[in-house]
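Novice: I'd like to ask you about the structure that follows.
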Amino acid sequence: MAKALLQPLPPGADDDALLEAFLDYVSAKGLSLYPAQEQAILELLEGNNVILKTPTGSGKSLVAAALHFFGLCRGRRSVYTCPIKALVNEKFLSLCKEFGPDYVGMSTGDATVNARAPILCCTAEVLANMALRQGKLTPVHDVIMDEFHYYSDRDRGVSWQIPLLTMPQSRFLLISATLGHTATFESGLTALTGLPSVTVASSDRPVPLDYSYVEDALEELLPALASQQKLPAYLVHFTQRAATDTAQKLLSIDFCSKAEKERLTEVLAAESFKSPFGKEIKKYLRHGVGVHHAGLLPRYRILVEKLAQHNLLKVICGTDTLGVGVNVPIRTVVFTGLCKYDGDKVKILPVRDFHQIAGRAGRKGFDDEGFVIAQAPEHVIENRKQERKAAANPAKAKKLVKRKPPEKGYVHWDDKTFERLISAPPEELVSSFNVGHGMLLNVLSRETEDGCTAMRQLIRTCHESPQSKLTLRRRSFSLLRSMLDQGIVQWLPNRDAYGRKLRVNVDLQDDFSLNHALSLYLVDTVTRLDREDPEYALRVLTLVESVLENPDVILRRQVDKLKERKVAELKEQGVQFEDRMEQLLQIEHPKPDRDFIYNTFNEFAARHPWVGKDNIQPKSIAREMFERYMSFSDYVRMYQLQRAEGLLLRHLTGTYKTLVQTVPEAVRTKKCRKSHSTWNSWCAEPTLRCSMSGNNCAIQTMSR
């Protein structure tokens, strides 16, 4: 293996030697530092916290590499956090090339490599859990938080805030292209660490962007971009279905030369496309068109990224996931819409999201300019097309019927909307701190300090308003009482040497976790099941699936399949159309043990006011696969889930991890009480029935 460029210097090297060695590395790569990079690197060398907000493509990763290098030379441990596992994998491989694999580790929650390495790549959640569990004793000296704007994410932002509250021993580098005002973070970091904190900002892009608004359909726009040498292009959609539908439509446009198609065929011959959707993916890729969204299996997304990095794809049809920072070099970003569903309702795209996605355009070292294009709404494009036809043939003008905008799932946008998104500053970052069972469990697991005191301190210093902090304190007390009732946490007869009065039950498995909002319901209810029941394992499996989020696409397909069968049955019985429709309205997706689950949950919620709006969601996906003796591919084909294979994979993965980590060992059958914590990620063809499934064990039921 070739020697890594960034080898640590001998102990005792001074700051000048470190800086000189790093600058030599930069020169060896044929790079020169921008002013913002120089300033940030010098601030880090002096030991300061740095908030770096510069545009995409301006070399923020190089600043992070400098901090890793300085830490490595000084015997310090540094951690690089990213919001998604794909980006963690990418950064891990990149840092291995820069520093050598012996110095770099990775942890995503699913996979761990060289976890004790002096440089660790991990998701923000992994670092947050480390910080909650160990606080000021967390063995991390330097923290790099990439894509720090995720701090405002409604569901995951708490993971970006926790290290800023619990790791006074660390120094921080916060990175994002779209931060608002940072004074609050500067003062907070200084108060936490005692170190000076500075913001290094620049609006200069290495590759400038050209913006345009068009009323052309993709079949008109893309050939024009090809003729103007503006490919590869990233077509941004806000639903997975729309992205895949577009890829299918683009098969009618010839993007690649004969030589390019031959090259793609040669490269793809070495790849596996065994899953049900594999044929479609291969067909798109051979045409020079990639698809990239969370509904795909990870290996297909990685393949698209690899092909794009080798300049083998002309168009990528994706959702906004590529705006997170995955290295997919593109010249042109095309927004097919400017409104999206945000979890509550459809709204115009946030300014921050717009700039994150638009910033992917233009490749340093390849492009002198990047291009950002927004399409008009579909009905506007269609009406414009009709108007052009009418102008060419006045006789048809009177018959022109204008298409109306959609009544649902749409908010109007136009060129003025586009201009506002271009010029507006990103929204201010807003705290999304929350308290859950998992957080409490981690804090109370601290071995050298009182977890109750630490939890009060965490809430007191979080970035919420005083009123919100009061609500969080009340919620934490309520959650703690619930955990005491279940025996997950126990009172100590006397305070120990560290002042602790509570401890986590030592009989629980080492990797026990309560990562779902209703995990405690699962722990409470699984003890009510009869272990002698022949269906005990399946009933445990159903309880596990009921606390997981509903994979809506899969459940809708289950309902569709049930309706198909019911219609055939009712027609055979001669039931009238109106009566058939009435009966079809009553059909739901399968919910095994529904009465037991709903009744026990209502009792549980009555005893635990913290449950609030969280609701139980019984379903049968993993269980159905087992009962029908179906493989992953069988299930995908039966419900036509080809475009949602990734969703099914995540549900099965979540089900297995919850079985292993949340179902207490005490309720497992005897033959199951061995370690199930070592588990490889699901392949494309997992089967849910194994040779030991007869042991009446839910975990073995889910094993390959």
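Here, A, B, ... name the chains of the structure tokens in the order displayed, residue numbers run from 1 inside each chain, and ligands are numbered from 1 in the same displayed order.
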Tell me, as a ChimeraX atom specification, which residues lie within 12 Å of Leu647 of chain A, counting only C-alpha atoms; anything in the same chain fewer than 6 positions away does not count.

Specialist: /A:240,293-298,549-555,621,632,636,641,653-654

Novice: List every residue of segment 120-319 of chain A that DSSP, applied to the backbone of this structure, assigns to alpha helix (DSSP H), and report them as a ChimeraX atom specification.

Specialist: /A:124-134,158-166,183-193,218-227,240-249,258-268,278-286,298-309

Novice: So the first atom is atom CA of Leu429 of chain A and the second is atom CA of Ile41 of chain A; what is the distance between them in Å, to one decimal place?

Specialist: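 The value is 24.7 Å.
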
Novice: Skip segment 18-26 of chain A itself and residues of its chain fewer than 3 positions away, then list as a PyMOL selection string all residues within 10 Å of it, counting only C-alpha atoms.

Specialist: chain A and resi 5-9+13-15+29-33+41-42+45+62+65-66+69-70+73-74+98

Novice: Write the residues of the preceding selection, restricted to C-alpha atoms, as a PDB file, in the first residue's frame.

Specialist:
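Below you can see result.pdb, which holds the result:
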```pdb
ATOM      1  CA  LEU A   5       0.708  11.608   2.756  1.00  0.00           C
ATOM      2  CA  LEU A   6      -0.134  12.816   6.277  1.00  0.00           C
ATOM      3  CA  GLN A   7       2.091  10.851   8.620  1.00  0.00           C
ATOM      4  CA  PRO A   8       2.342  12.161  12.208  1.00  0.00           C
ATOM      5  CA  LEU A   9       5.523  14.042  13.126  1.00  0.00           C
ATOM      6  CA  ALA A  13       7.294  19.001  17.092  1.00  0.00           C
ATOM      7  CA  ASP A  14       6.348  22.669  17.538  1.00  0.00           C
ATOM      8  CA  ASP A  15       3.533  24.591  15.844  1.00  0.00           C
ATOM      9  CA  LYS A  29      -1.824  17.649  -3.725  1.00  0.00           C
ATOM     10  CA  GLY A  30      -1.427  20.559  -6.128  1.00  0.00           C
ATOM     11  CA  LEU A  31      -3.641  22.833  -4.019  1.00  0.00           C
ATOM     12  CA  SER A  32      -3.331  26.318  -2.607  1.00  0.00           C
ATOM     13  CA  LEU A  33      -5.254  27.570   0.401  1.00  0.00           C
ATOM     14  CA  ILE A  41      -6.242  26.515  10.113  1.00  0.00           C
ATOM     15  CA  LEU A  42      -4.246  29.136  12.033  1.00  0.00           C
ATOM     16  CA  LEU A  45      -3.344  25.646  15.452  1.00  0.00           C
ATOM     17  CA  LEU A  62      -9.141  20.325   4.086  1.00  0.00           C
ATOM     18  CA  ALA A  65      -7.875  17.337   7.794  1.00  0.00           C
ATOM     19  CA  ALA A  66      -5.585  19.966   9.336  1.00  0.00           C
ATOM     20  CA  PHE A  69      -3.259  16.111  11.618  1.00  0.00           C
ATOM     21  CA  PHE A  70      -2.487  18.548  14.436  1.00  0.00           C
ATOM     22  CA  CYS A  73       0.877  14.794  16.080  1.00  0.00           C
ATOM     23  CA  ARG A  74       0.020  15.941  19.614  1.00  0.00           C
ATOM     24  CA  GLU A  98      -4.828  10.555   3.827  1.00  0.00           C
TER      25      GLU A  98
END
```

Novice: Got a sec: who's within 7 Å of Ala361 of chain A, counting only C-alpha atoms, leaving out chain neighbours fewer than 4 positions off, as JSON, numbers by chain?

Specialist: {"A": [330, 331, 332, 333, 370, 371, 372]}

Novice: Just write the chosen residues, N, CA and C atoms, as a CSV table (one decimal), in the first residue's frame.

Specialist:
```csv
chain,number,residue,atom,x,y,z
A,330,ILE,N,-21.2,17.1,-10.1
A,330,ILE,CA,-22.1,17.5,-11.1
A,330,ILE,C,-21.9,18.9,-11.6
A,331,ARG,N,-22.3,19.2,-12.8
A,331,ARG,CA,-22.1,20.5,-13.3
A,331,ARG,C,-23.4,21.4,-13.2
A,332,THR,N,-24.5,20.7,-13.3
A,332,THR,CA,-25.8,21.5,-13.3
A,332,THR,C,-26.8,20.8,-12.3
A,333,VAL,N,-27.4,21.7,-11.5
A,333,VAL,CA,-28.5,21.2,-10.6
A,333,VAL,C,-29.8,21.7,-11.2
A,370,GLY,N,-20.8,26.7,-12.4
A,370,GLY,CA,-21.8,25.8,-12.1
A,370,GLY,C,-23.2,26.4,-12.5
A,371,PHE,N,-24.2,25.5,-12.8
A,371,PHE,CA,-25.4,26.0,-13.3
A,371,PHE,C,-26.6,25.5,-12.4
A,372,VAL,N,-27.5,26.4,-12.0
A,372,VAL,CA,-28.6,26.1,-11.2
A,372,VAL,C,-29.9,26.5,-11.9
```

Novice: As a PyMOL selection string, list the residues of segment 171-396 of chain A assigned to strand (DSSP E) by DSSP on the backbone atoms of this structure.

Specialist: chain A and resi 171-175+197-201+209-214+233-236+289-292+315-318+332-335+339-341+346-348+370-375

Novice: Please produce an output containing N, CA and C atoms for each residue in the selection, written as a CSV table (one decimal), in the first residue's frame.

Specialist:
```csv
chain,number,residue,atom,x,y,z
A,171,ARG,N,-12.3,20.4,22.0
A,171,ARG,CA,-12.3,21.7,21.2
A,171,ARG,C,-13.1,21.4,19.9
A,172,PHE,N,-13.8,22.4,19.4
A,172,PHE,CA,-14.8,22.1,18.3
A,172,PHE,C,-14.5,22.9,17.0
A,173,LEU,N,-14.8,22.2,15.9
A,173,LEU,CA,-14.8,22.8,14.6
A,173,LEU,C,-16.2,22.5,14.0
A,174,LEU,N,-17.0,23.5,13.9
A,174,LEU,CA,-18.4,23.3,13.4
A,174,LEU,C,-18.4,23.8,11.9
A,175,ILE,N,-18.9,23.0,11.0
A,175,ILE,CA,-18.8,23.2,9.6
A,175,ILE,C,-20.2,23.2,8.9
A,197,SER,N,-13.5,31.3,20.9
A,197,SER,CA,-14.2,30.8,19.7
A,197,SER,C,-14.4,31.8,18.7
A,198,VAL,N,-14.1,31.5,17.4
A,198,VAL,CA,-14.2,32.4,16.3
A,198,VAL,C,-15.0,31.9,15.2
A,199,THR,N,-15.7,32.7,14.4
A,199,THR,CA,-16.3,32.4,13.2
A,199,THR,C,-15.5,32.8,12.0
A,200,VAL,N,-15.2,31.9,11.1
A,200,VAL,CA,-14.5,32.2,9.9
A,200,VAL,C,-15.5,32.0,8.7
A,201,ALA,N,-15.9,33.1,8.1
A,201,ALA,CA,-16.9,33.1,7.1
A,201,ALA,C,-16.4,33.7,5.8
A,209,LEU,N,-21.8,30.3,-9.6
A,209,LEU,CA,-23.0,29.7,-10.0
A,209,LEU,C,-23.8,30.7,-11.0
A,210,ASP,N,-24.4,30.1,-12.0
A,210,ASP,CA,-25.3,30.8,-12.9
A,210,ASP,C,-26.7,30.3,-12.7
A,211,TYR,N,-27.6,31.2,-12.4
A,211,TYR,CA,-29.0,30.8,-12.1
A,211,TYR,C,-29.9,31.1,-13.3
A,212,SER,N,-30.9,30.2,-13.5
A,212,SER,CA,-31.9,30.5,-14.6
A,212,SER,C,-33.2,29.8,-14.3
A,213,TYR,N,-34.3,30.4,-14.7
A,213,TYR,CA,-35.6,29.9,-14.5
A,213,TYR,C,-36.2,29.5,-15.9
A,214,VAL,N,-36.7,28.3,-16.0
A,214,VAL,CA,-37.2,27.9,-17.4
A,214,VAL,C,-38.6,27.4,-17.3
A,233,ALA,N,-26.0,16.4,-15.0
A,233,ALA,CA,-27.0,17.2,-14.3
A,233,ALA,C,-27.6,16.3,-13.2
A,234,TYR,N,-28.0,17.0,-12.1
A,234,TYR,CA,-28.6,16.4,-11.0
A,234,TYR,C,-30.1,16.9,-11.0
A,235,LEU,N,-31.1,16.0,-11.2
A,235,LEU,CA,-32.5,16.4,-11.3
A,235,LEU,C,-33.1,16.2,-9.9
A,236,VAL,N,-33.4,17.3,-9.3
A,236,VAL,CA,-33.9,17.3,-7.9
A,236,VAL,C,-35.4,17.1,-7.8
A,289,VAL,N,-28.0,7.1,-16.9
A,289,VAL,CA,-29.0,7.8,-16.0
A,289,VAL,C,-28.9,7.1,-14.7
A,290,GLY,N,-28.6,7.8,-13.6
A,290,GLY,CA,-28.6,7.2,-12.3
A,290,GLY,C,-29.8,7.6,-11.5
A,291,VAL,N,-30.2,6.8,-10.5
A,291,VAL,CA,-31.3,7.1,-9.5
A,291,VAL,C,-30.7,7.0,-8.1
A,292,HIS,N,-31.0,8.0,-7.3
A,292,HIS,CA,-30.4,8.1,-6.0
A,292,HIS,C,-31.4,8.6,-5.0
A,315,VAL,N,-26.9,12.0,-16.2
A,315,VAL,CA,-28.0,12.6,-15.4
A,315,VAL,C,-28.2,11.7,-14.2
A,316,ILE,N,-28.5,12.3,-13.0
A,316,ILE,CA,-28.8,11.6,-11.8
A,316,ILE,C,-30.2,12.1,-11.4
A,317,CYS,N,-31.2,11.2,-11.3
A,317,CYS,CA,-32.5,11.6,-10.8
A,317,CYS,C,-32.6,11.2,-9.3
A,318,GLY,N,-32.7,12.2,-8.5
A,318,GLY,CA,-32.7,11.9,-7.1
A,318,GLY,C,-33.5,12.8,-6.2
A,332,THR,N,-24.5,20.7,-13.3
A,332,THR,CA,-25.8,21.5,-13.3
A,332,THR,C,-26.8,20.8,-12.3
A,333,VAL,N,-27.4,21.7,-11.5
A,333,VAL,CA,-28.5,21.2,-10.6
A,333,VAL,C,-29.8,21.7,-11.2
A,334,VAL,N,-30.8,20.9,-11.4
A,334,VAL,CA,-32.1,21.2,-12.0
A,334,VAL,C,-33.2,20.9,-10.9
A,335,PHE,N,-33.8,22.0,-10.4
A,335,PHE,CA,-34.9,21.8,-9.4
A,335,PHE,C,-36.2,21.6,-10.3
A,339,CYS,N,-41.3,23.3,-4.1
A,339,CYS,CA,-42.1,23.1,-2.9
A,339,CYS,C,-42.0,21.7,-2.5
A,340,LYS,N,-42.1,21.4,-1.2
A,340,LYS,CA,-41.9,20.0,-0.7
A,340,LYS,C,-42.8,19.8,0.6
A,341,TYR,N,-43.1,18.6,0.9
A,341,TYR,CA,-43.8,18.2,2.1
A,341,TYR,C,-42.8,18.2,3.2
A,346,VAL,N,-47.3,20.9,2.8
A,346,VAL,CA,-46.4,21.2,1.7
A,346,VAL,C,-46.1,22.7,1.8
A,347,LYS,N,-44.8,23.0,1.7
A,347,LYS,CA,-44.4,24.4,1.8
A,347,LYS,C,-43.3,24.7,0.7
A,348,ILE,N,-43.1,26.0,0.5
A,348,ILE,CA,-42.0,26.4,-0.4
A,348,ILE,C,-40.7,25.9,0.2
A,370,GLY,N,-20.8,26.7,-12.4
A,370,GLY,CA,-21.8,25.8,-12.1
A,370,GLY,C,-23.2,26.4,-12.5
A,371,PHE,N,-24.2,25.5,-12.8
A,371,PHE,CA,-25.4,26.0,-13.3
A,371,PHE,C,-26.6,25.5,-12.4
A,372,VAL,N,-27.5,26.4,-12.0
A,372,VAL,CA,-28.6,26.1,-11.2
A,372,VAL,C,-29.9,26.5,-11.9
A,373,ILE,N,-30.7,25.5,-12.2
A,373,ILE,CA,-31.9,25.8,-13.0
A,373,ILE,C,-33.1,25.4,-12.2
A,374,ALA,N,-34.2,26.2,-12.3
A,374,ALA,CA,-35.5,25.9,-11.7
A,374,ALA,C,-36.5,25.8,-12.7
A,375,GLN,N,-37.2,24.7,-12.8
A,375,GLN,CA,-38.3,24.5,-13.7
A,375,GLN,C,-39.6,25.2,-13.2
```

Novice: With only C-alpha atoms as the basis for distance, which of A:Asp320, A:Asp216, A:Glu90, A:Glu428 is at the shortest distance from His379 of chain A?

Specialist: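 Using only C-alpha atoms, His379 of chain A sits closest to A:Asp216.
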
Novice: Excluding Ala622 of chain A and residues on its chain fewer than 2 positions from it, collect all residues at most 12 Å away from it, counting only C-alpha atoms, and give them as a PyMOL selection string.

Specialist: chain A and resi 537-546+548+551+554+590+592+618-620+624-632+635+648-656+659+686-689+698-699+701-703

Novice: What does the distance from atom CA of Leu222 of chain A to atom CA of Phe255 of chain A come to in Å, to one decimal?

Specialist: 8.9 Å

Novice: Between A:Ala86, A:Ala270, A:Ile422, A:Leu514, which has the minimum distance to Gln661 of chain A (counting only C-alpha atoms)?

Specialist: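 Answer, going by the shortest atom-to-atom distance: A:Leu514.
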
Novice: Expressed in Å to a single decimal, how great is the separation between atom CA of Glu665 of chain A and atom CA of Tyr521 of chain A?

Specialist: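 Computing the Euclidean distance for atom CA of Glu665 of chain A and atom CA of Tyr521 of chain A yields 16.0 Å.
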
Novice: Residues near Val523 of chain A, anyone? I mean within 9 Å using only C-alpha atoms, not counting same-chain ones fewer than 5 positions away, as a list in words.

Specialist: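 Near Val523 of chain A, the qualifying residues are Gln486, Thr662, Val663 and Pro664 of chain A.
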
Novice: Quick one: residues within 8 Å of Asp415 of chain A, only C-alpha atoms, excluding same-chain residues fewer than 2 positions away - as a ChimeraX atom specification?

Specialist: /A:213,376,413,417-419
